[in-house]
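Just final_8.cif here, mmCIF, C-alpha atoms:
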data_protein
loop_
_atom_site.group_PDB
_atom_site.id
_atom_site.type_symbol
_atom_site.label_atom_id
_atom_site.label_comp_id
_atom_site.auth_asym_id
_atom_site.auth_seq_id
_atom_site.Cartn_x
_atom_site.Cartn_y
_atom_site.Cartn_z
ATOM 1 C CA MET J 38 -46.315 114.864 40.524
ATOM 2 C CA PRO J 39 -43.555 114.983 37.904
ATOM 3 C CA ALA J 40 -43.546 117.928 35.531
ATOM 4 C CA THR J 41 -44.967 117.195 32.120
ATOM 5 C CA LYS J 42 -43.243 117.615 28.815
ATOM 6 C CA SER J 43 -44.942 120.983 28.370
ATOM 7 C CA ASP J 44 -42.541 122.246 31.017
ATOM 8 C CA LYS J 45 -39.061 122.374 29.499
ATOM 9 C CA PHE J 46 -36.367 121.057 31.780
ATOM 10 C CA GLY J 47 -33.698 123.264 30.234
ATOM 11 C CA ILE J 48 -29.962 122.804 29.928
ATOM 12 C CA SER J 49 -28.176 121.387 32.945
ATOM 13 C CA ALA J 50 -24.392 121.375 32.756
ATOM 14 C CA ALA J 51 -22.814 118.044 33.627
ATOM 15 C CA ILE J 52 -20.351 120.022 35.671
ATOM 16 C CA THR J 53 -16.744 118.919 35.601
ATOM 17 C CA THR J 54 -14.754 118.818 38.843
ATOM 18 C CA PRO J 55 -11.546 120.844 39.261
ATOM 19 C CA PHE J 56 -8.707 119.479 41.378
ATOM 20 C CA THR J 57 -5.840 121.151 43.184
ATOM 21 C CA HIS J 58 -2.218 120.048 42.767
ATOM 22 C CA THR J 59 -2.732 117.729 45.754
ATOM 23 C CA GLY J 60 -5.693 116.016 44.099
ATOM 24 C CA ALA J 61 -8.382 117.541 46.337
ATOM 25 C CA ILE J 62 -11.497 119.148 44.893
ATOM 26 C CA ASP J 63 -10.830 122.832 44.279
ATOM 27 C CA VAL J 64 -14.045 124.036 45.829
ATOM 28 C CA ASP J 65 -13.444 127.722 45.084
ATOM 29 C CA LEU J 66 -12.915 127.070 41.384
ATOM 30 C CA LEU J 67 -15.910 124.720 41.330
ATOM 31 C CA CYS J 68 -18.158 127.415 42.794
ATOM 32 C CA GLN J 69 -16.811 129.993 40.351
ATOM 33 C CA HIS J 70 -17.446 127.668 37.425
ATOM 34 C CA ALA J 71 -20.953 126.773 38.604
ATOM 35 C CA LYS J 72 -21.927 130.429 38.955
ATOM 36 C CA SER J 73 -20.560 131.176 35.491
ATOM 37 C CA LEU J 74 -22.640 128.382 33.940
ATOM 38 C CA LEU J 75 -25.796 129.605 35.633
ATOM 39 C CA ALA J 76 -25.064 133.167 34.535
ATOM 40 C CA GLN J 77 -24.730 131.931 30.951
ATOM 41 C CA GLY J 78 -28.228 130.452 31.020
ATOM 42 C CA CYS J 79 -27.928 126.921 32.351
ATOM 43 C CA VAL J 80 -30.901 126.263 34.623
ATOM 44 C CA SER J 81 -28.913 123.918 36.827
ATOM 45 C CA PHE J 82 -25.820 121.765 36.946
ATOM 46 C CA THR J 83 -25.357 118.133 37.795
ATOM 47 C CA LEU J 84 -22.802 117.452 40.517
ATOM 48 C CA GLY J 85 -20.966 114.138 40.592
ATOM 49 C CA GLY J 86 -22.111 112.802 37.254
ATOM 50 C CA THR J 87 -19.982 111.141 34.603
ATOM 51 C CA THR J 88 -18.270 114.312 33.356
ATOM 52 C CA GLY J 89 -17.784 115.313 36.987
ATOM 53 C CA GLU J 90 -15.904 112.067 37.725
ATOM 54 C CA GLY J 91 -18.576 111.281 40.296
ATOM 55 C CA PRO J 92 -17.619 107.629 40.829
ATOM 56 C CA HIS J 93 -14.111 108.814 41.792
ATOM 57 C CA LEU J 94 -15.333 111.253 44.445
ATOM 58 C CA SER J 95 -15.960 110.062 47.967
ATOM 59 C CA ARG J 96 -19.374 110.801 49.384
ATOM 60 C CA ASP J 97 -17.731 113.001 52.033
ATOM 61 C CA GLU J 98 -16.003 115.030 49.333
ATOM 62 C CA GLU J 99 -19.167 115.418 47.330
ATOM 63 C CA PHE J 100 -21.083 116.432 50.464
ATOM 64 C CA ALA J 101 -18.480 119.089 51.264
ATOM 65 C CA ALA J 102 -18.544 120.398 47.702
ATOM 66 C CA HIS J 103 -22.342 120.502 47.727
ATOM 67 C CA LYS J 104 -22.371 122.483 50.974
ATOM 68 C CA ALA J 105 -19.768 124.904 49.622
ATOM 69 C CA LEU J 106 -21.846 125.507 46.490
ATOM 70 C CA LEU J 107 -24.857 126.332 48.637
ATOM 71 C CA ALA J 108 -22.776 128.584 50.875
ATOM 72 C CA SER J 109 -21.617 130.468 47.779
ATOM 73 C CA GLY J 110 -25.215 131.524 47.132
ATOM 74 C CA ILE J 111 -26.356 128.926 44.610
ATOM 75 C CA GLU J 112 -29.972 127.890 45.075
ATOM 76 C CA PRO J 113 -30.542 124.306 46.304
ATOM 77 C CA ASP J 114 -32.768 123.352 43.368
ATOM 78 C CA GLN J 115 -30.058 124.401 40.913
ATOM 79 C CA ILE J 116 -27.924 121.446 42.035
ATOM 80 C CA ILE J 117 -28.813 118.035 40.639
ATOM 81 C CA VAL J 118 -26.940 115.225 42.358
ATOM 82 C CA GLY J 119 -25.491 112.245 40.537
ATOM 83 C CA VAL J 120 -26.088 108.966 42.360
ATOM 84 C CA ILE J 121 -23.753 106.430 40.775
ATOM 85 C CA GLU J 122 -23.640 103.581 43.266
ATOM 86 C CA SER J 123 -23.983 99.820 43.072
ATOM 87 C CA ALA J 124 -24.518 99.360 46.818
ATOM 88 C CA LEU J 125 -28.169 100.019 47.579
ATOM 89 C CA GLY J 126 -27.408 101.485 50.999
ATOM 90 C CA ASP J 127 -24.887 103.932 49.546
ATOM 91 C CA ALA J 128 -27.355 105.006 46.865
ATOM 92 C CA ILE J 129 -30.053 105.600 49.479
ATOM 93 C CA SER J 130 -27.639 107.521 51.715
ATOM 94 C CA ALA J 131 -26.474 109.719 48.822
ATOM 95 C CA ALA J 132 -30.055 110.454 47.818
ATOM 96 C CA LYS J 133 -31.141 111.345 51.340
ATOM 97 C CA THR J 134 -28.150 113.653 51.699
ATOM 98 C CA ALA J 135 -29.144 115.386 48.467
ATOM 99 C CA ASP J 136 -32.675 115.773 49.799
ATOM 100 C CA ALA J 137 -31.438 117.174 53.117
ATOM 101 C CA LEU J 138 -29.428 119.774 51.215
ATOM 102 C CA GLY J 139 -32.481 120.826 49.210
ATOM 103 C CA SER J 140 -31.923 119.268 45.800
ATOM 104 C CA LYS J 141 -35.030 118.506 43.780
ATOM 105 C CA TYR J 142 -33.582 116.112 41.210
ATOM 106 C CA ILE J 143 -31.157 113.211 41.439
ATOM 107 C CA LEU J 144 -29.626 111.415 38.463
ATOM 108 C CA VAL J 145 -29.454 107.699 39.225
ATOM 109 C CA THR J 146 -27.661 104.900 37.393
ATOM 110 C CA PRO J 147 -28.575 101.261 37.864
ATOM 111 C CA PRO J 148 -26.183 99.119 39.918
ATOM 112 C CA TYR J 149 -23.469 98.294 37.417
ATOM 113 C CA TYR J 150 -20.776 96.061 38.902
ATOM 114 C CA PHE J 151 -22.254 92.677 37.959
ATOM 115 C CA LYS J 152 -22.581 92.700 34.194
ATOM 116 C CA GLY J 153 -25.487 91.054 32.448
ATOM 117 C CA SER J 154 -27.923 91.534 35.322
ATOM 118 C CA SER J 155 -31.512 90.885 34.320
ATOM 119 C CA ASP J 156 -34.098 93.616 34.035
ATOM 120 C CA PHE J 157 -35.947 91.797 36.808
ATOM 121 C CA GLY J 158 -32.988 92.233 39.152
ATOM 122 C CA GLN J 159 -32.420 95.868 38.174
ATOM 123 C CA ILE J 160 -36.093 96.688 38.689
ATOM 124 C CA ALA J 161 -36.005 95.035 42.118
ATOM 125 C CA TRP J 162 -32.992 97.209 43.089
ATOM 126 C CA PHE J 163 -34.636 100.379 41.839
ATOM 127 C CA ARG J 164 -37.916 99.627 43.601
ATOM 128 C CA GLN J 165 -36.118 99.108 46.897
ATOM 129 C CA PHE J 166 -34.287 102.380 46.312
ATOM 130 C CA LEU J 167 -37.479 104.244 45.433
ATOM 131 C CA ASP J 168 -39.327 102.823 48.418
ATOM 132 C CA ALA J 169 -36.529 104.049 50.686
ATOM 133 C CA ILE J 170 -36.670 107.631 49.380
ATOM 134 C CA SER J 171 -40.456 107.871 49.118
ATOM 135 C CA ASP J 172 -40.529 110.112 52.192
ATOM 136 C CA THR J 173 -38.331 112.742 50.499
ATOM 137 C CA GLN J 174 -39.106 115.536 48.050
ATOM 138 C CA LEU J 175 -36.784 114.063 45.436
ATOM 139 C CA GLN J 176 -37.539 113.427 41.786
ATOM 140 C CA VAL J 177 -35.514 110.708 40.059
ATOM 141 C CA ILE J 178 -33.987 110.982 36.605
ATOM 142 C CA LEU J 179 -33.066 107.480 35.439
ATOM 143 C CA TYR J 180 -29.639 107.452 33.797
ATOM 144 C CA HIS J 181 -29.180 105.379 30.641
ATOM 145 C CA ILE J 182 -25.494 105.286 29.707
ATOM 146 C CA PRO J 183 -24.937 101.652 28.742
ATOM 147 C CA GLN J 184 -21.577 102.225 27.048
ATOM 148 C CA VAL J 185 -20.200 103.083 30.507
ATOM 149 C CA THR J 186 -22.291 101.048 32.944
ATOM 150 C CA ALA J 187 -23.082 98.028 30.750
ATOM 151 C CA ALA J 188 -26.436 98.249 32.544
ATOM 152 C CA PRO J 189 -29.069 99.623 30.171
ATOM 153 C CA VAL J 190 -32.211 101.344 31.376
ATOM 154 C CA GLY J 191 -34.586 100.207 28.660
ATOM 155 C CA PRO J 192 -38.109 101.384 27.904
ATOM 156 C CA ASP J 193 -39.793 98.397 29.563
ATOM 157 C CA MET J 194 -37.772 98.909 32.748
ATOM 158 C CA ILE J 195 -38.695 102.585 32.763
ATOM 159 C CA ALA J 196 -42.368 101.724 32.290
ATOM 160 C CA ALA J 197 -42.253 99.238 35.185
ATOM 161 C CA LEU J 198 -40.722 101.821 37.523
ATOM 162 C CA ILE J 199 -43.223 104.491 36.508
ATOM 163 C CA GLU J 200 -46.014 102.012 37.122
ATOM 164 C CA SER J 201 -44.826 101.209 40.648
ATOM 165 C CA HIS J 202 -43.596 104.718 41.609
ATOM 166 C CA PRO J 203 -45.327 107.220 39.312
ATOM 167 C CA ASP J 204 -44.724 110.225 41.529
ATOM 168 C CA LEU J 205 -40.976 109.644 41.895
ATOM 169 C CA ILE J 206 -39.837 109.203 38.297
ATOM 170 C CA ALA J 207 -39.304 112.580 36.657
ATOM 171 C CA GLY J 208 -37.757 111.222 33.495
ATOM 172 C CA VAL J 209 -34.726 109.729 31.812
ATOM 173 C CA LYS J 210 -31.328 110.959 30.731
ATOM 174 C CA ASP J 211 -30.442 109.124 27.527
ATOM 175 C CA SER J 212 -26.688 109.235 26.987
ATOM 176 C CA SER J 213 -26.597 106.279 24.627
ATOM 177 C CA GLY J 214 -26.328 108.458 21.525
ATOM 178 C CA ASP J 215 -28.895 106.150 19.913
ATOM 179 C CA TRP J 216 -31.373 108.306 18.021
ATOM 180 C CA GLU J 217 -33.865 105.472 17.649
ATOM 181 C CA ASN J 218 -33.863 104.926 21.415
ATOM 182 C CA ALA J 219 -34.353 108.630 22.059
ATOM 183 C CA LYS J 220 -37.350 108.696 19.725
ATOM 184 C CA ILE J 221 -38.910 105.717 21.497
ATOM 185 C CA LEU J 222 -38.476 107.354 24.900
ATOM 186 C CA ILE J 223 -39.927 110.674 23.759
ATOM 187 C CA ASP J 224 -42.927 108.957 22.205
ATOM 188 C CA ARG J 225 -43.584 106.419 24.952
ATOM 189 C CA PHE J 226 -42.984 108.677 27.956
ATOM 190 C CA SER J 227 -44.351 111.942 26.670
ATOM 191 C CA ASP J 228 -45.375 113.021 30.176
ATOM 192 C CA ARG J 229 -41.809 112.759 31.536
ATOM 193 C CA HIS J 230 -38.620 114.711 30.969
ATOM 194 C CA ILE J 231 -36.543 113.010 28.293
ATOM 195 C CA LEU J 232 -33.096 114.533 28.561
ATOM 196 C CA ILE J 233 -30.389 114.049 25.972
ATOM 197 C CA GLY J 234 -26.759 113.384 26.784
ATOM 198 C CA ASP J 235 -25.476 113.374 23.186
ATOM 199 C CA GLU J 236 -25.648 116.988 22.073
ATOM 200 C CA ARG J 237 -25.586 116.010 18.387
ATOM 201 C CA ILE J 238 -29.191 114.825 18.588
ATOM 202 C CA LEU J 239 -30.502 117.426 21.021
ATOM 203 C CA GLY J 240 -32.108 119.675 18.403
ATOM 204 C CA PRO J 241 -34.107 116.882 16.740
ATOM 205 C CA ALA J 242 -35.042 115.495 20.163
ATOM 206 C CA ILE J 243 -36.408 118.853 21.311
ATOM 207 C CA ALA J 244 -38.420 119.093 18.101
ATOM 208 C CA LEU J 245 -40.105 115.768 18.929
ATOM 209 C CA GLY J 246 -40.858 116.678 22.535
ATOM 210 C CA GLY J 247 -37.649 116.189 24.468
ATOM 211 C CA SER J 248 -37.320 118.713 27.248
ATOM 212 C CA GLY J 249 -33.621 119.411 27.651
ATOM 213 C CA ALA J 250 -30.192 118.017 28.319
ATOM 214 C CA ILE J 251 -27.640 117.216 30.956
ATOM 215 C CA SER J 252 -24.587 118.113 28.934
ATOM 216 C CA GLY J 253 -20.815 118.019 29.125
ATOM 217 C CA VAL J 254 -20.512 120.538 26.280
ATOM 218 C CA ALA J 255 -22.464 123.005 28.433
ATOM 219 C CA ASN J 256 -19.314 123.345 30.551
ATOM 220 C CA PHE J 257 -17.728 125.526 27.879
ATOM 221 C CA ALA J 258 -20.349 126.222 25.175
ATOM 222 C CA PRO J 259 -23.856 126.443 26.673
ATOM 223 C CA GLU J 260 -24.725 129.068 24.077
ATOM 224 C CA LEU J 261 -24.795 126.305 21.449
ATOM 225 C CA LEU J 262 -27.460 124.396 23.337
ATOM 226 C CA ILE J 263 -29.808 126.850 25.033
ATOM 227 C CA PRO J 264 -31.359 128.222 21.798
ATOM 228 C CA LEU J 265 -32.349 124.671 20.806
ATOM 229 C CA LEU J 266 -34.940 124.698 23.585
ATOM 230 C CA ASP J 267 -36.898 127.270 21.595
ATOM 231 C CA GLY J 268 -36.602 125.443 18.303
ATOM 232 C CA ALA J 269 -33.560 127.183 16.885
ATOM 233 C CA THR J 270 -31.690 125.474 14.066
ATOM 234 C CA PRO J 271 -28.664 123.687 15.562
ATOM 235 C CA ASP J 272 -25.394 125.557 15.116
ATOM 236 C CA SER J 273 -23.425 123.880 12.333
ATOM 237 C CA ARG J 274 -20.371 123.702 14.598
ATOM 238 C CA LEU J 275 -22.041 121.560 17.253
ATOM 239 C CA VAL J 276 -21.763 118.171 15.539
ATOM 240 C CA PRO J 277 -18.081 118.538 14.555
ATOM 241 C CA LEU J 278 -17.304 119.752 18.074
ATOM 242 C CA VAL J 279 -18.882 116.694 19.685
ATOM 243 C CA ASN J 280 -17.293 114.429 17.098
ATOM 244 C CA ALA J 281 -13.902 115.848 18.035
ATOM 245 C CA LEU J 282 -14.515 115.267 21.736
ATOM 246 C CA LEU J 283 -15.467 111.655 21.046
ATOM 247 C CA GLU J 284 -12.108 111.053 19.354
ATOM 248 C CA LEU J 285 -10.503 111.351 22.800
ATOM 249 C CA PRO J 286 -11.305 110.250 26.351
ATOM 250 C CA VAL J 287 -14.300 112.529 26.776
ATOM 251 C CA THR J 288 -13.972 113.779 30.354
ATOM 252 C CA PRO J 289 -10.297 114.802 30.043
ATOM 253 C CA ALA J 290 -11.135 116.406 26.679
ATOM 254 C CA VAL J 291 -14.012 118.418 28.159
ATOM 255 C CA LYS J 292 -11.774 119.551 31.016
ATOM 256 C CA ALA J 293 -9.088 120.572 28.546
ATOM 257 C CA LEU J 294 -11.573 122.775 26.709
ATOM 258 C CA VAL J 295 -12.869 124.308 29.936
ATOM 259 C CA GLY J 296 -9.280 125.211 30.761
ATOM 260 C CA HIS J 297 -8.631 126.459 27.233
ATOM 261 C CA THR J 298 -11.685 128.702 27.125
ATOM 262 C CA THR J 299 -11.101 130.096 30.621
ATOM 263 C CA ASP J 300 -7.305 130.286 30.360
ATOM 264 C CA CYS J 301 -6.886 128.089 33.418
ATOM 265 C CA ALA J 302 -4.565 125.115 32.943
ATOM 266 C CA GLN J 303 -5.589 123.664 36.310
ATOM 267 C CA TRP J 304 -8.741 122.264 34.717
ATOM 268 C CA SER J 305 -6.732 119.596 32.905
ATOM 269 C CA ARG J 306 -6.192 117.628 36.114
ATOM 270 C CA VAL J 307 -8.177 114.399 36.417
ATOM 271 C CA ARG J 308 -8.317 111.586 38.935
ATOM 272 C CA ALA J 309 -6.815 108.183 38.302
ATOM 273 C CA PRO J 310 -7.573 105.930 36.585
ATOM 274 C CA LEU J 311 -8.327 108.759 34.143
ATOM 275 C CA VAL J 312 -5.212 110.512 32.855
ATOM 276 C CA GLU J 313 -4.653 113.964 31.452
ATOM 277 C CA LEU J 314 -4.524 114.371 27.712
ATOM 278 C CA THR J 315 -1.093 114.104 26.194
ATOM 279 C CA GLN J 316 0.353 117.328 24.810
ATOM 280 C CA GLU J 317 -0.427 116.087 21.311
ATOM 281 C CA GLN J 318 -4.042 115.332 22.254
ATOM 282 C CA TYR J 319 -4.394 118.680 24.043
ATOM 283 C CA GLU J 320 -3.107 120.597 21.038
ATOM 284 C CA TRP J 321 -5.374 118.639 18.711
ATOM 285 C CA ILE J 322 -8.592 119.274 20.667
ATOM 286 C CA THR J 323 -7.833 122.932 21.370
ATOM 287 C CA ASN J 324 -6.852 123.532 17.736
ATOM 288 C CA SER J 325 -10.055 121.785 16.661
ATOM 289 C CA TYR J 326 -12.031 124.093 18.939
ATOM 290 C CA ASP J 327 -10.193 127.211 17.748
ATOM 291 C CA THR J 328 -10.734 126.267 14.104
ATOM 292 C CA LEU J 329 -14.461 126.067 14.716
ATOM 293 C CA PHE J 330 -14.977 128.959 17.113
ATOM 294 C CA VAL J 331 -12.090 131.396 16.733
ATOM 295 C CA THR J 332 -10.551 131.346 13.265
ATOM 296 C CA GLY J 333 -13.825 130.064 11.814
ATOM 297 C CA ASN J 334 -15.955 132.680 13.581
ATOM 298 C CA ASP J 335 -17.580 135.248 11.344
#
Would you mind giving the structure from this file in structure tokens?
Amino acid sequence: MPATKSDKFGISAAITTPFTHTGAIDVDLLCQHAKSLLAQGCVSFTLGGTTGEGPHLSRDEEFAAHKALLASGIEPDQIIVGVIESALGDAISAAKTADALGSKYILVTPPYYFKGSSDFGQIAWFRQFLDAISDTQLQVILYHIPQVTAAPVGPDMIAALIESHPDLIAGVKDSSGDWENAKILIDRFSDRHILIGDERILGPAIALGGSGAISGVANFAPELLIPLLDGATPDSRLVPLVNALLELPVTPAVKALVGHTTDCAQWSRVRAPLVELTQEQYEWITNSYDTLFVTGND
């Protein structure tokens, strides 16, 4: 059965993916980064999600990276796998691979290519997917990020999937940034993990019963988020930090700050069609960070 809200999910880093100069995944740097995040208090990390450029990674690449992370000594249940596929067969295959490698949770978007699909059609896809993985040990986190997928996972859809597959739905990641939606999810699905993707509302969400986050900011500042799980007052720098990130293409901006905070310029590399920040953008985001956390630090 899914864990209840009394069991905090914790902070999972939406881990970003480093690339070599040839464009391949830098597996050694990925493993180093993952271990650092876990050492800093993240309970897990999510491989192949939005911040990780998951839709731009082949399934073979992601499989190889997953195996390398395990070989480096990371525990299987510390790796959540992003399943961002429109083809049902590919989604099932990715999920079963995650199960074979020992993951407990998968983060699953709806099929998103055909815009304006009805809830009826999305529910039918999800139910076929859930039927196909019912013989695994997986728990599904439904991924609501409508500004990217144009395929919302609304409360009624969530309720329908819980009704048909109650033991498979662990919860929802709400990356909409819509506080009213987050409140509805926390209230309506109080026995599931409601995870927040917009760090600006994480503190209030935890106070209402949310159980954690899958977070891009956790790649370079998990210490701002972890105390919120125990009811700490949000750090006053968190909102301006996220606001600054949202002024730029978010994934390249997160990678720039990972590189800035670890003194490793290689992190700035992204995969097309994403592009690296311009020098002006890079200087702006790193100066914004330094103003908040270096020169502004007591």
Would you translate the PyMOL selection byres ((chain J and resi 61-73) around 10) into the concrete set of residues it matches in this file, as a PyMOL selection string? chain J and resi 50+52-60+74-79+81-84+94+98-99+101-111+115-116+256-257+295+299+303-304+308
Counting only C-alpha atoms, what are the residues of stretch 52-161 of chain J within 12 Å of stretch 182-204 of chain J, and for each of them which pair of atoms is the nearest and at what distance in Å, to one decimal? Sort the table by chain and rising number, as a Markdown table.
| residue | atom | partner | partner_atom | distance |
| --- | --- | --- | --- | --- |
| J:Gly86 | CA | J:Ile182 | CA | 11.2 |
| J:Thr87 | CA | J:Val185 | CA | 9.0 |
| J:Thr88 | CA | J:Val185 | CA | 11.7 |
| J:Pro92 | CA | J:Thr186 | CA | 11.3 |
| J:Ile121 | CA | J:Thr186 | CA | 9.6 |
| J:Glu122 | CA | J:Thr186 | CA | 10.7 |
| J:Ser123 | CA | J:Thr186 | CA | 10.3 |
| J:Leu144 | CA | J:Ile182 | CA | 11.5 |
| J:Val145 | CA | J:Val190 | CA | 10.5 |
| J:Thr146 | CA | J:Thr186 | CA | 8.0 |
| J:Pro147 | CA | J:Ala188 | CA | 6.5 |
| J:Pro148 | CA | J:Ala188 | CA | 7.4 |
| J:Tyr149 | CA | J:Thr186 | CA | 5.4 |
| J:Tyr150 | CA | J:Thr186 | CA | 7.9 |
| J:Phe151 | CA | J:Ala188 | CA | 8.8 |
| J:Lys152 | CA | J:Ala187 | CA | 6.4 |
| J:Gly153 | CA | J:Ala188 | CA | 7.3 |
| J:Ser154 | CA | J:Ala188 | CA | 7.4 |
| J:Ser155 | CA | J:Ala188 | CA | 9.1 |
| J:Asp156 | CA | J:Met194 | CA | 6.6 |
| J:Phe157 | CA | J:Met194 | CA | 8.4 |
| J:Gly158 | CA | J:Met194 | CA | 10.4 |
| J:Gln159 | CA | J:Met194 | CA | 8.2 |
| J:Ile160 | CA | J:Met194 | CA | 6.6 |
| J:Ala161 | CA | J:Leu198 | CA | 9.5 |
Could you expand the PyMOL selection byres ((chain J and resi 229) around 12) into the explicit residues it covers here, written as a VMD selection string? chain J and resid 38 to 46 176 to 179 195 to 196 199 203 to 210 222 to 228 230 to 232 246 to 249
Hey, which of J:Ala309, J:Ala132, J:Ala244, J:Val118 ends up closest to J:Ala219? Count all atoms listed in the file. J:Ala244
Using all atoms listed in the file, pick whichever of J:Gly234, J:Pro113, J:Gly139, J:Gly240 has the shortest atom-to-atom distance to J:Leu262.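 When distances to J:Leu262 are compared using all atoms listed in the file, the smallest one comes from J:Gly240.
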Considering only C-alpha atoms, can you say which of J:Gly126, J:Glu90, J:Ser213, J:Ala51 comes closest to J:Leu311? J:Glu90
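Reported to one decimal place, the separation of atom CA of J:Leu266 from atom CA of J:Leu294 is 23.7 Å.
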I'd like the interatomic distance between atom CA of J:Tyr319 and atom CA of J:Ile117, to a tenth of an Å.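 Computed distance, atom CA of J:Tyr319 to atom CA of J:Ile117, equals 29.5 Å.
In this model, the gap between atom CA of J:Thr323 and atom CA of J:Ile243 comes to 28.9 Å.
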Starting from the PyMOL selection byres ((chain J and resi 272) around 12), expand the selection into actual residues of this file and give them as a PDB file with C-alpha atoms, in the frame of the given file.
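The result, written out as part.pdb:
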ATOM      1  CA  GLU J 236     -25.648 116.988  22.073  1.00  0.00           C
ATOM      2  CA  ARG J 237     -25.586 116.010  18.387  1.00  0.00           C
ATOM      3  CA  ILE J 238     -29.191 114.825  18.588  1.00  0.00           C
ATOM      4  CA  LEU J 239     -30.502 117.426  21.021  1.00  0.00           C
ATOM      5  CA  GLY J 240     -32.108 119.675  18.403  1.00  0.00           C
ATOM      6  CA  ALA J 258     -20.349 126.222  25.175  1.00  0.00           C
ATOM      7  CA  PRO J 259     -23.856 126.443  26.673  1.00  0.00           C
ATOM      8  CA  GLU J 260     -24.725 129.068  24.077  1.00  0.00           C
ATOM      9  CA  LEU J 261     -24.795 126.305  21.449  1.00  0.00           C
ATOM     10  CA  LEU J 262     -27.460 124.396  23.337  1.00  0.00           C
ATOM     11  CA  ILE J 263     -29.808 126.850  25.033  1.00  0.00           C
ATOM     12  CA  PRO J 264     -31.359 128.222  21.798  1.00  0.00           C
ATOM     13  CA  LEU J 265     -32.349 124.671  20.806  1.00  0.00           C
ATOM     14  CA  GLY J 268     -36.602 125.443  18.303  1.00  0.00           C
ATOM     15  CA  ALA J 269     -33.560 127.183  16.885  1.00  0.00           C
ATOM     16  CA  THR J 270     -31.690 125.474  14.066  1.00  0.00           C
ATOM     17  CA  PRO J 271     -28.664 123.687  15.562  1.00  0.00           C
ATOM     18  CA  SER J 273     -23.425 123.880  12.333  1.00  0.00           C
ATOM     19  CA  ARG J 274     -20.371 123.702  14.598  1.00  0.00           C
ATOM     20  CA  LEU J 275     -22.041 121.560  17.253  1.00  0.00           C
ATOM     21  CA  VAL J 276     -21.763 118.171  15.539  1.00  0.00           C
ATOM     22  CA  PRO J 277     -18.081 118.538  14.555  1.00  0.00           C
ATOM     23  CA  LEU J 278     -17.304 119.752  18.074  1.00  0.00           C
ATOM     24  CA  VAL J 279     -18.882 116.694  19.685  1.00  0.00           C
ATOM     25  CA  LEU J 329     -14.461 126.067  14.716  1.00  0.00           C
ATOM     26  CA  PHE J 330     -14.977 128.959  17.113  1.00  0.00           C
ATOM     27  CA  ASN J 334     -15.955 132.680  13.581  1.00  0.00           C
TER      28      ASN J 334
END
Proximity to J:Glu284 - best of J:Val80, J:Leu314, J:Ala124, J:Ala255, only C-alpha atoms: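 Result for the nearest residue to J:Glu284: J:Leu314.
Distance check against J:Asp327 using all atoms listed in the file: of J:Thr298, J:Gln165, J:Ser305, J:Ser140, the minimum falls on J:Thr298.
When all atoms listed in the file are used to measure the gap to J:His181, the shortest distance among J:Ile129, J:Ala169, J:Ile251, J:Ala137 belongs to J:Ile251.
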Give me stretch 116-124 of chain J from this structure - N, CA, C and O atoms, as a JSON list (two decimals), in the first residue's frame.
[["chain", "number", "residue", "atom", "x", "y", "z"],
["J", 116, "ILE", "N", 17.01, 5.97, -6.12],
["J", 116, "ILE", "CA", 16.92, 6.44, -7.50],
["J", 116, "ILE", "C", 15.46, 6.35, -7.96],
["J", 116, "ILE", "O", 14.92, 5.26, -8.14],
["J", 117, "ILE", "N", 14.85, 7.50, -8.11],
["J", 117, "ILE", "CA", 13.52, 7.59, -8.72],
["J", 117, "ILE", "C", 13.72, 7.79, -10.22],
["J", 117, "ILE", "O", 14.63, 8.51, -10.64],
["J", 118, "VAL", "N", 12.92, 7.14, -11.01],
["J", 118, "VAL", "CA", 13.10, 7.20, -12.46],
["J", 118, "VAL", "C", 11.98, 8.02, -13.10],
["J", 118, "VAL", "O", 10.80, 7.75, -12.87],
["J", 119, "GLY", "N", 12.37, 9.00, -13.90],
["J", 119, "GLY", "CA", 11.41, 9.76, -14.67],
["J", 119, "GLY", "C", 10.97, 8.97, -15.89],
["J", 119, "GLY", "O", 11.79, 8.47, -16.65],
["J", 120, "VAL", "N", 9.67, 8.86, -16.06],
["J", 120, "VAL", "CA", 9.10, 8.19, -17.25],
["J", 120, "VAL", "C", 8.31, 9.26, -18.00],
["J", 120, "VAL", "O", 7.18, 9.59, -17.63],
["J", 121, "ILE", "N", 8.93, 9.81, -19.02],
["J", 121, "ILE", "CA", 8.35, 10.90, -19.79],
["J", 121, "ILE", "C", 8.22, 10.42, -21.23],
["J", 121, "ILE", "O", 9.09, 10.65, -22.07],
["J", 122, "GLU", "N", 7.17, 9.69, -21.48],
["J", 122, "GLU", "CA", 6.98, 9.03, -22.78],
["J", 122, "GLU", "C", 5.53, 9.20, -23.22],
["J", 122, "GLU", "O", 4.61, 9.13, -22.41],
["J", 123, "SER", "N", 5.33, 9.41, -24.52],
["J", 123, "SER", "CA", 3.97, 9.40, -25.05],
["J", 123, "SER", "C", 3.57, 8.03, -25.56],
["J", 123, "SER", "O", 2.39, 7.67, -25.53],
["J", 124, "ALA", "N", 4.54, 7.24, -26.02],
["J", 124, "ALA", "CA", 4.24, 5.89, -26.50],
["J", 124, "ALA", "C", 4.05, 4.96, -25.31],
["J", 124, "ALA", "O", 4.94, 4.82, -24.47]]
